[in-house]
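S.K.: Contents are PDB, C-alpha atoms; file name my_file27.pdb:
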ATOM      1  CA  PRO A 244      -9.602 138.621 107.940  1.00  0.00           C
ATOM      2  CA  ILE A 245     -12.417 136.963 105.978  1.00  0.00           C
ATOM      3  CA  ASN A 246     -11.773 133.978 103.699  1.00  0.00           C
ATOM      4  CA  ASP A 247     -14.848 132.629 101.907  1.00  0.00           C
ATOM      5  CA  THR A 248     -12.831 130.043  99.965  1.00  0.00           C
ATOM      6  CA  PRO A 249     -10.872 127.934 102.468  1.00  0.00           C
ATOM      7  CA  LYS A 250      -8.735 125.145 101.039  1.00  0.00           C
ATOM      8  CA  ASP A 251      -9.520 121.472 101.581  1.00  0.00           C
ATOM      9  CA  THR A 252      -6.203 120.457 103.124  1.00  0.00           C
ATOM     10  CA  GLY A 253      -7.377 117.156 104.577  1.00  0.00           C
ATOM     11  CA  ARG A 254      -6.201 118.038 108.105  1.00  0.00           C
ATOM     12  CA  TYR A 255      -8.623 119.733 110.457  1.00  0.00           C
ATOM     13  CA  TYR A 256      -8.690 121.073 113.996  1.00  0.00           C
ATOM     14  CA  ALA A 257     -11.695 121.995 116.077  1.00  0.00           C
ATOM     15  CA  GLY A 258     -12.588 123.948 119.171  1.00  0.00           C
ATOM     16  CA  ILE A 259     -15.793 123.462 121.136  1.00  0.00           C
ATOM     17  CA  ASP A 260     -17.130 125.988 123.631  1.00  0.00           C
ATOM     18  CA  LEU A 261     -20.013 124.387 125.521  1.00  0.00           C
ATOM     19  CA  GLY A 262     -23.237 126.100 126.553  1.00  0.00           C
ATOM     20  CA  ARG A 263     -26.932 125.367 126.379  1.00  0.00           C
ATOM     21  CA  ALA A 264     -29.331 127.694 128.155  1.00  0.00           C
ATOM     22  CA  ASP A 265     -27.933 131.232 128.375  1.00  0.00           C
ATOM     23  CA  ASP A 266     -24.897 130.532 126.203  1.00  0.00           C
ATOM     24  CA  TYR A 267     -24.343 128.681 122.958  1.00  0.00           C
ATOM     25  CA  THR A 268     -22.385 125.558 122.184  1.00  0.00           C
ATOM     26  CA  VAL A 269     -20.117 126.570 119.313  1.00  0.00           C
ATOM     27  CA  LEU A 270     -18.057 124.293 117.091  1.00  0.00           C
ATOM     28  CA  THR A 271     -15.334 125.896 114.978  1.00  0.00           C
ATOM     29  CA  ILE A 272     -13.329 123.830 112.494  1.00  0.00           C
ATOM     30  CA  ILE A 273     -10.188 125.136 110.789  1.00  0.00           C
ATOM     31  CA  ASN A 274      -7.763 123.557 108.344  1.00  0.00           C
ATOM     32  CA  ASP A 275      -4.025 123.317 108.939  1.00  0.00           C
ATOM     33  CA  LEU A 276      -3.562 126.713 107.250  1.00  0.00           C
ATOM     34  CA  GLY A 277      -5.707 128.371 109.946  1.00  0.00           C
ATOM     35  CA  GLN A 278      -8.624 128.898 107.561  1.00  0.00           C
ATOM     36  CA  MET A 279     -12.065 128.410 109.083  1.00  0.00           C
ATOM     37  CA  VAL A 280     -13.982 125.793 107.132  1.00  0.00           C
ATOM     38  CA  HIS A 281     -17.020 125.370 109.390  1.00  0.00           C
ATOM     39  CA  CYS A 282     -18.631 127.158 112.321  1.00  0.00           C
ATOM     40  CA  GLU A 283     -21.955 126.254 113.880  1.00  0.00           C
ATOM     41  CA  ARG A 284     -23.750 126.959 117.128  1.00  0.00           C
ATOM     42  CA  TRP A 285     -26.576 125.422 119.134  1.00  0.00           C
ATOM     43  CA  ARG A 286     -28.717 126.705 121.994  1.00  0.00           C
ATOM     44  CA  HIS A 287     -31.718 125.398 123.939  1.00  0.00           C
ATOM     45  CA  ASN A 288     -31.230 121.860 122.586  1.00  0.00           C
ATOM     46  CA  THR A 289     -30.864 118.762 124.736  1.00  0.00           C
ATOM     47  CA  TRP A 290     -27.310 117.805 125.583  1.00  0.00           C
ATOM     48  CA  GLN A 291     -27.812 114.501 123.737  1.00  0.00           C
ATOM     49  CA  SER A 292     -28.869 116.366 120.593  1.00  0.00           C
ATOM     50  CA  ILE A 293     -25.880 118.726 120.855  1.00  0.00           C
ATOM     51  CA  VAL A 294     -23.435 115.840 121.416  1.00  0.00           C
ATOM     52  CA  ASN A 295     -24.866 113.948 118.433  1.00  0.00           C
ATOM     53  CA  GLU A 296     -24.437 116.980 116.152  1.00  0.00           C
ATOM     54  CA  LEU A 297     -20.909 117.645 117.401  1.00  0.00           C
ATOM     55  CA  VAL A 298     -19.812 114.043 116.920  1.00  0.00           C
ATOM     56  CA  LYS A 299     -21.314 113.923 113.426  1.00  0.00           C
ATOM     57  CA  LYS A 300     -19.306 117.009 112.370  1.00  0.00           C
ATOM     58  CA  LEU A 301     -16.089 115.871 114.078  1.00  0.00           C
ATOM     59  CA  LYS A 302     -16.269 112.498 112.323  1.00  0.00           C
ATOM     60  CA  ALA A 303     -17.007 114.146 108.963  1.00  0.00           C
ATOM     61  CA  PHE A 304     -13.890 116.340 109.199  1.00  0.00           C
ATOM     62  CA  LYS A 305     -11.753 113.904 111.271  1.00  0.00           C
ATOM     63  CA  CYS A 306     -10.723 116.799 113.534  1.00  0.00           C
ATOM     64  CA  LYS A 307      -8.205 116.878 116.327  1.00  0.00           C
ATOM     65  CA  THR A 308     -10.292 118.733 118.886  1.00  0.00           C
ATOM     66  CA  TYR A 309     -10.188 120.710 122.115  1.00  0.00           C
ATOM     67  CA  VAL A 310     -13.365 120.701 124.215  1.00  0.00           C
ATOM     68  CA  GLU A 311     -13.797 123.142 127.077  1.00  0.00           C
ATOM     69  CA  VAL A 312     -14.352 121.107 130.237  1.00  0.00           C
ATOM     70  CA  ASN A 313     -15.281 123.724 132.825  1.00  0.00           C
ATOM     71  CA  SER A 314     -18.460 123.097 134.900  1.00  0.00           C
ATOM     72  CA  ILE A 315     -20.857 120.884 132.897  1.00  0.00           C
ATOM     73  CA  GLY A 316     -18.228 120.512 130.175  1.00  0.00           C
ATOM     74  CA  ASP A 317     -16.476 117.578 131.835  1.00  0.00           C
ATOM     75  CA  ALA A 318     -19.547 115.315 131.580  1.00  0.00           C
ATOM     76  CA  ILE A 319     -20.256 116.444 128.003  1.00  0.00           C
ATOM     77  CA  PHE A 320     -16.600 115.914 127.069  1.00  0.00           C
ATOM     78  CA  GLU A 321     -16.889 112.297 128.255  1.00  0.00           C
ATOM     79  CA  GLN A 322     -20.039 111.803 126.143  1.00  0.00           C
ATOM     80  CA  ILE A 323     -18.214 113.155 123.081  1.00  0.00           C
ATOM     81  CA  ARG A 324     -15.085 111.084 123.767  1.00  0.00           C
ATOM     82  CA  ASN A 325     -17.189 107.905 124.061  1.00  0.00           C
ATOM     83  CA  GLN A 326     -18.213 108.398 120.423  1.00  0.00           C
ATOM     84  CA  TYR A 327     -15.136 110.166 118.990  1.00  0.00           C
ATOM     85  CA  SER A 328     -11.697 109.554 120.446  1.00  0.00           C
ATOM     86  CA  ASP A 329      -9.624 112.369 118.899  1.00  0.00           C
ATOM     87  CA  VAL A 330     -10.659 114.961 121.494  1.00  0.00           C
ATOM     88  CA  GLU A 331      -8.700 116.548 124.307  1.00  0.00           C
ATOM     89  CA  PRO A 332      -9.986 118.477 127.332  1.00  0.00           C
ATOM     90  CA  PHE A 333      -9.265 122.188 127.664  1.00  0.00           C
ATOM     91  CA  THR A 334      -9.682 123.722 131.116  1.00  0.00           C
ATOM     92  CA  THR A 335     -10.316 127.441 130.933  1.00  0.00           C
ATOM     93  CA  THR A 336      -8.645 129.478 133.644  1.00  0.00           C
ATOM     94  CA  SER A 337      -7.999 133.213 133.502  1.00  0.00           C
ATOM     95  CA  LYS A 338      -4.414 132.409 132.406  1.00  0.00           C
ATOM     96  CA  SER A 339      -5.278 129.739 129.796  1.00  0.00           C
ATOM     97  CA  LYS A 340      -8.048 131.945 128.383  1.00  0.00           C
ATOM     98  CA  GLN A 341      -5.682 134.914 128.113  1.00  0.00           C
ATOM     99  CA  ASP A 342      -3.036 132.761 126.397  1.00  0.00           C
ATOM    100  CA  ALA A 343      -5.552 131.290 123.918  1.00  0.00           C
ATOM    101  CA  ILE A 344      -7.092 134.677 123.082  1.00  0.00           C
ATOM    102  CA  GLU A 345      -3.744 136.433 122.685  1.00  0.00           C
ATOM    103  CA  SER A 346      -2.453 133.615 120.460  1.00  0.00           C
ATOM    104  CA  LEU A 347      -5.573 133.988 118.296  1.00  0.00           C
ATOM    105  CA  GLN A 348      -5.129 137.794 118.196  1.00  0.00           C
ATOM    106  CA  VAL A 349      -1.573 137.428 116.899  1.00  0.00           C
ATOM    107  CA  ALA A 350      -2.702 134.827 114.348  1.00  0.00           C
ATOM    108  CA  ILE A 351      -5.433 137.179 113.081  1.00  0.00           C
ATOM    109  CA  GLN A 352      -2.980 140.080 112.815  1.00  0.00           C
ATOM    110  CA  ASN A 353      -0.503 137.879 110.934  1.00  0.00           C
ATOM    111  CA  LYS A 354      -3.284 136.469 108.704  1.00  0.00           C
ATOM    112  CA  GLU A 355      -2.566 132.983 110.074  1.00  0.00           C
ATOM    113  CA  PHE A 356      -6.249 132.656 111.045  1.00  0.00           C
ATOM    114  CA  THR A 357      -9.082 133.609 108.713  1.00  0.00           C
ATOM    115  CA  SER A 358     -12.802 133.419 109.346  1.00  0.00           C
ATOM    116  CA  LEU A 359     -15.797 132.646 107.235  1.00  0.00           C
ATOM    117  CA  ASN A 360     -18.202 135.567 106.740  1.00  0.00           C
ATOM    118  CA  ILE A 361     -20.705 134.667 109.483  1.00  0.00           C
ATOM    119  CA  ASP A 362     -22.672 137.647 110.805  1.00  0.00           C
ATOM    120  CA  TRP A 363     -23.179 136.521 114.410  1.00  0.00           C
ATOM    121  CA  LEU A 364     -19.516 135.484 114.738  1.00  0.00           C
ATOM    122  CA  LEU A 365     -18.156 138.727 113.289  1.00  0.00           C
ATOM    123  CA  LYS A 366     -20.424 140.632 115.695  1.00  0.00           C
ATOM    124  CA  GLU A 367     -18.949 138.650 118.599  1.00  0.00           C
ATOM    125  CA  PHE A 368     -15.422 139.530 117.477  1.00  0.00           C
ATOM    126  CA  ASP A 369     -16.421 143.207 117.180  1.00  0.00           C
ATOM    127  CA  MET A 370     -17.953 143.228 120.675  1.00  0.00           C
ATOM    128  CA  PHE A 371     -15.193 141.189 122.379  1.00  0.00           C
ATOM    129  CA  THR A 372     -13.213 143.294 124.799  1.00  0.00           C
ATOM    130  CA  TYR A 373     -10.952 143.188 127.813  1.00  0.00           C
ATOM    131  CA  GLU A 374     -10.870 144.616 131.298  1.00  0.00           C
ATOM    132  CA  TYR A 375      -7.612 145.519 132.987  1.00  0.00           C
ATOM    133  CA  SER A 376      -7.363 145.156 136.751  1.00  0.00           C
ATOM    134  CA  HIS A 377      -4.883 147.565 138.325  1.00  0.00           C
ATOM    135  CA  LYS A 378      -5.128 145.636 141.575  1.00  0.00           C
ATOM    136  CA  SER A 379      -4.099 142.247 140.162  1.00  0.00           C
ATOM    137  CA  ARG A 380      -2.328 143.670 137.093  1.00  0.00           C
ATOM    138  CA  SER A 381      -4.190 141.199 134.941  1.00  0.00           C
ATOM    139  CA  ILE A 382      -6.301 141.311 131.801  1.00  0.00           C
ATOM    140  CA  LYS A 383      -9.697 139.646 131.609  1.00  0.00           C
ATOM    141  CA  TYR A 384     -11.058 138.971 128.124  1.00  0.00           C
ATOM    142  CA  THR A 385     -14.824 138.890 127.836  1.00  0.00           C
ATOM    143  CA  ALA A 386     -17.945 139.927 126.011  1.00  0.00           C
ATOM    144  CA  PRO A 387     -19.820 142.948 127.358  1.00  0.00           C
ATOM    145  CA  LEU A 388     -22.795 142.245 129.595  1.00  0.00           C
ATOM    146  CA  GLY A 389     -25.677 140.926 127.512  1.00  0.00           C
ATOM    147  CA  PHE A 390     -23.467 139.683 124.664  1.00  0.00           C
ATOM    148  CA  HIS A 391     -21.746 136.375 123.918  1.00  0.00           C
ATOM    149  CA  ASP A 392     -18.151 135.266 123.421  1.00  0.00           C
ATOM    150  CA  ASP A 393     -18.830 131.579 122.713  1.00  0.00           C
ATOM    151  CA  GLY A 394     -17.835 131.865 119.040  1.00  0.00           C
ATOM    152  CA  VAL A 395     -14.656 133.781 119.835  1.00  0.00           C
ATOM    153  CA  MET A 396     -13.684 131.186 122.434  1.00  0.00           C
ATOM    154  CA  SER A 397     -14.455 128.324 120.043  1.00  0.00           C
ATOM    155  CA  CYS A 398     -12.144 129.951 117.468  1.00  0.00           C
ATOM    156  CA  ALA A 399      -9.427 130.341 120.100  1.00  0.00           C
ATOM    157  CA  PHE A 400      -9.761 126.660 121.076  1.00  0.00           C
ATOM    158  CA  ALA A 401      -9.637 125.584 117.404  1.00  0.00           C
ATOM    159  CA  TYR A 402      -6.487 127.641 116.796  1.00  0.00           C
ATOM    160  CA  LYS A 403      -4.928 126.264 119.978  1.00  0.00           C
ATOM    161  CA  ALA A 404      -5.757 122.741 118.775  1.00  0.00           C
ATOM    162  CA  LEU A 405      -3.963 123.516 115.506  1.00  0.00           C
ATOM    163  CA  LYS A 406      -0.884 124.734 117.365  1.00  0.00           C
ATOM    164  CA  ASP A 407      -0.839 122.056 120.095  1.00  0.00           C
ATOM    165  CA  LEU A 408      -2.180 118.969 118.348  1.00  0.00           C
ATOM    166  CA  LYS A 409      -0.821 119.357 114.809  1.00  0.00           C
ATOM    167  CA  THR A 410       1.998 116.893 115.409  1.00  0.00           C
ATOM    168  CA  SER A 411       0.250 114.640 117.941  1.00  0.00           C
ATOM    169  CA  GLY A 412       0.186 111.072 116.739  1.00  0.00           C
ATOM    170  CA  MET A 413       2.867 111.782 114.126  1.00  0.00           C
ATOM    171  CA  ILE A 414       6.408 110.484 114.008  1.00  0.00           C
ATOM    172  CA  ILE A 415       8.798 113.299 113.114  1.00  0.00           C
ATOM    173  CA  LEU A 416      11.941 112.149 111.325  1.00  0.00           C
ATOM    174  CA  ASP A 417      14.893 114.502 111.224  1.00  0.00           C
TER     175      ASP A 417
END
Just dump the structure as structure tokens.
M.R.:
Amino acid sequence: PINDTPKDTGRYYAGIDLGRADDYTVLTIINDLGQMVHCERWRHNTWQSIVNELVKKLKAFKCKTYVEVNSIGDAIFEQIRNQYSDVEPFTTTSKSKQDAIESLQVAIQNKEFTSLNIDWLLKEFDMFTYEYSHKSRSIKYTAPLGFHDDGVMSCAFAYKALKDLKTSGMIILD
């Protein structure tokens, strides 16, 4: 679902999917109602430039954030954490990716996650698909060859941050 008027709730969660050459780095920020308030992507920039832009946005929204740490992501995560402490690593495995995507799918169906009207992102959601392996009896979520899923994954990480990190740092009194 599209929501062009997200509420300023004062509590924000972000997901960062890292990429630079063939893929994009995508930052998605949602409020605590699951409404996307910001989504931006970078490609072919220096890592320092990307990190600076990410940190600037994270500080502006004061987001609790998941950053994908696969491959080059671990070093970039450390650069981000050195400048902004409210970030957590997210290691993408076939299982963690499936869980994050399926959680986002349910949230979209239940209107617990709404997106801004961003053409490239909506195209990614339209193209996003899965492959079922009879041999391993597993599902692999992916973009078709020649397309990207960086925005979809960034949204999934942001929604996971909302679900996992919403109460981190809070004292819950019963």
S.K.: Within 8 Å of (-13.3, 124.6, 102.1) in the file's own coordinates, which protein, DNA or RNA residues have an atom, counting all atoms listed in the file? List them as a ChimeraX atom specification.
M.R.: /A:248-251,280
S.K.: Compile the contact shell of Pro332 of chain A as an MDAnalysis selection string: residues with an atom at most 10 Å away, counting only C-alpha atoms, same-chain residues fewer than 5 positions apart removed.
M.R.: chainID A and resid 259 308:313 316:317 320:321 324
S.K.: Let's have the selection written as a CSV table (one decimal), in the frame of the given file, with C-alpha atoms.
M.R.:
chain,number,residue,atom,x,y,z
A,259,ILE,CA,-15.8,123.5,121.1
A,308,THR,CA,-10.3,118.7,118.9
A,309,TYR,CA,-10.2,120.7,122.1
A,310,VAL,CA,-13.4,120.7,124.2
A,311,GLU,CA,-13.8,123.1,127.1
A,312,VAL,CA,-14.4,121.1,130.2
A,313,ASN,CA,-15.3,123.7,132.8
A,316,GLY,CA,-18.2,120.5,130.2
A,317,ASP,CA,-16.5,117.6,131.8
A,320,PHE,CA,-16.6,115.9,127.1
A,321,GLU,CA,-16.9,112.3,128.3
A,324,ARG,CA,-15.1,111.1,123.8
S.K.: For this structure, which residues satisfy the selection - the PyMOL selection byres ((chain A and resi 276) around 10) - when it is evaluated on the file as given? I want them as a PDB file with C-alpha atoms, in the frame of the given file.
M.R.:
ATOM      1  CA  PRO A 249     -10.872 127.934 102.468  1.00  0.00           C
ATOM      2  CA  LYS A 250      -8.735 125.145 101.039  1.00  0.00           C
ATOM      3  CA  ASP A 251      -9.520 121.472 101.581  1.00  0.00           C
ATOM      4  CA  THR A 252      -6.203 120.457 103.124  1.00  0.00           C
ATOM      5  CA  ARG A 254      -6.201 118.038 108.105  1.00  0.00           C
ATOM      6  CA  TYR A 255      -8.623 119.733 110.457  1.00  0.00           C
ATOM      7  CA  ILE A 273     -10.188 125.136 110.789  1.00  0.00           C
ATOM      8  CA  ASN A 274      -7.763 123.557 108.344  1.00  0.00           C
ATOM      9  CA  ASP A 275      -4.025 123.317 108.939  1.00  0.00           C
ATOM     10  CA  GLY A 277      -5.707 128.371 109.946  1.00  0.00           C
ATOM     11  CA  GLN A 278      -8.624 128.898 107.561  1.00  0.00           C
ATOM     12  CA  MET A 279     -12.065 128.410 109.083  1.00  0.00           C
ATOM     13  CA  LYS A 354      -3.284 136.469 108.704  1.00  0.00           C
ATOM     14  CA  GLU A 355      -2.566 132.983 110.074  1.00  0.00           C
ATOM     15  CA  PHE A 356      -6.249 132.656 111.045  1.00  0.00           C
ATOM     16  CA  THR A 357      -9.082 133.609 108.713  1.00  0.00           C
ATOM     17  CA  LEU A 405      -3.963 123.516 115.506  1.00  0.00           C
TER      18      LEU A 405
END
S.K.: Using only C-alpha atoms, can you tell me which of A:Ala343, A:Asp329, A:His391, A:Met396 comes closest to Cys282 of chain A?
M.R.: A:Met396
S.K.: Output the residue selection produced by the PyMOL selection byres ((chain A and resi 385) around 6) on the file above, formatted as a list in words.
M.R.: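 On the file shown, the PyMOL selection byres ((chain A and resi 385) around 6) covers Phe371, Thr372, Tyr373, Tyr384 and Ala386 of chain A.
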S.K.: Given the file shown, determine the residues that the PyMOL selection byres ((chain A and resi 299-305) around 9) selects; report them as a PyMOL selection string.
M.R.: chain A and resi 253-257+270+272+294-298+306-308+327+329
S.K.: Rank A:Asp393, A:Gln348, A:Ile323, A:Ser314 by their smallest atom-to-atom distance to Thr268 of chain A, using all atoms listed in the file, and report the top residue only.
M.R.: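 Of A:Asp393, A:Gln348, A:Ile323, A:Ser314, the one nearest Thr268 of chain A, counting all atoms listed in the file, is A:Asp393.
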S.K.: How far is it from atom CA of Asp392 of chain A to atom CA of Tyr375 of chain A, in Å with one decimal?
M.R.: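 Distance reported for this atom pair: 17.5 Å.
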S.K.: My list of candidates is A:Arg286, A:Lys340, A:Lys403, A:Lys366. Which is closest to Tyr267 of chain A when distances are computed with only C-alpha atoms?
M.R.: A:Arg286
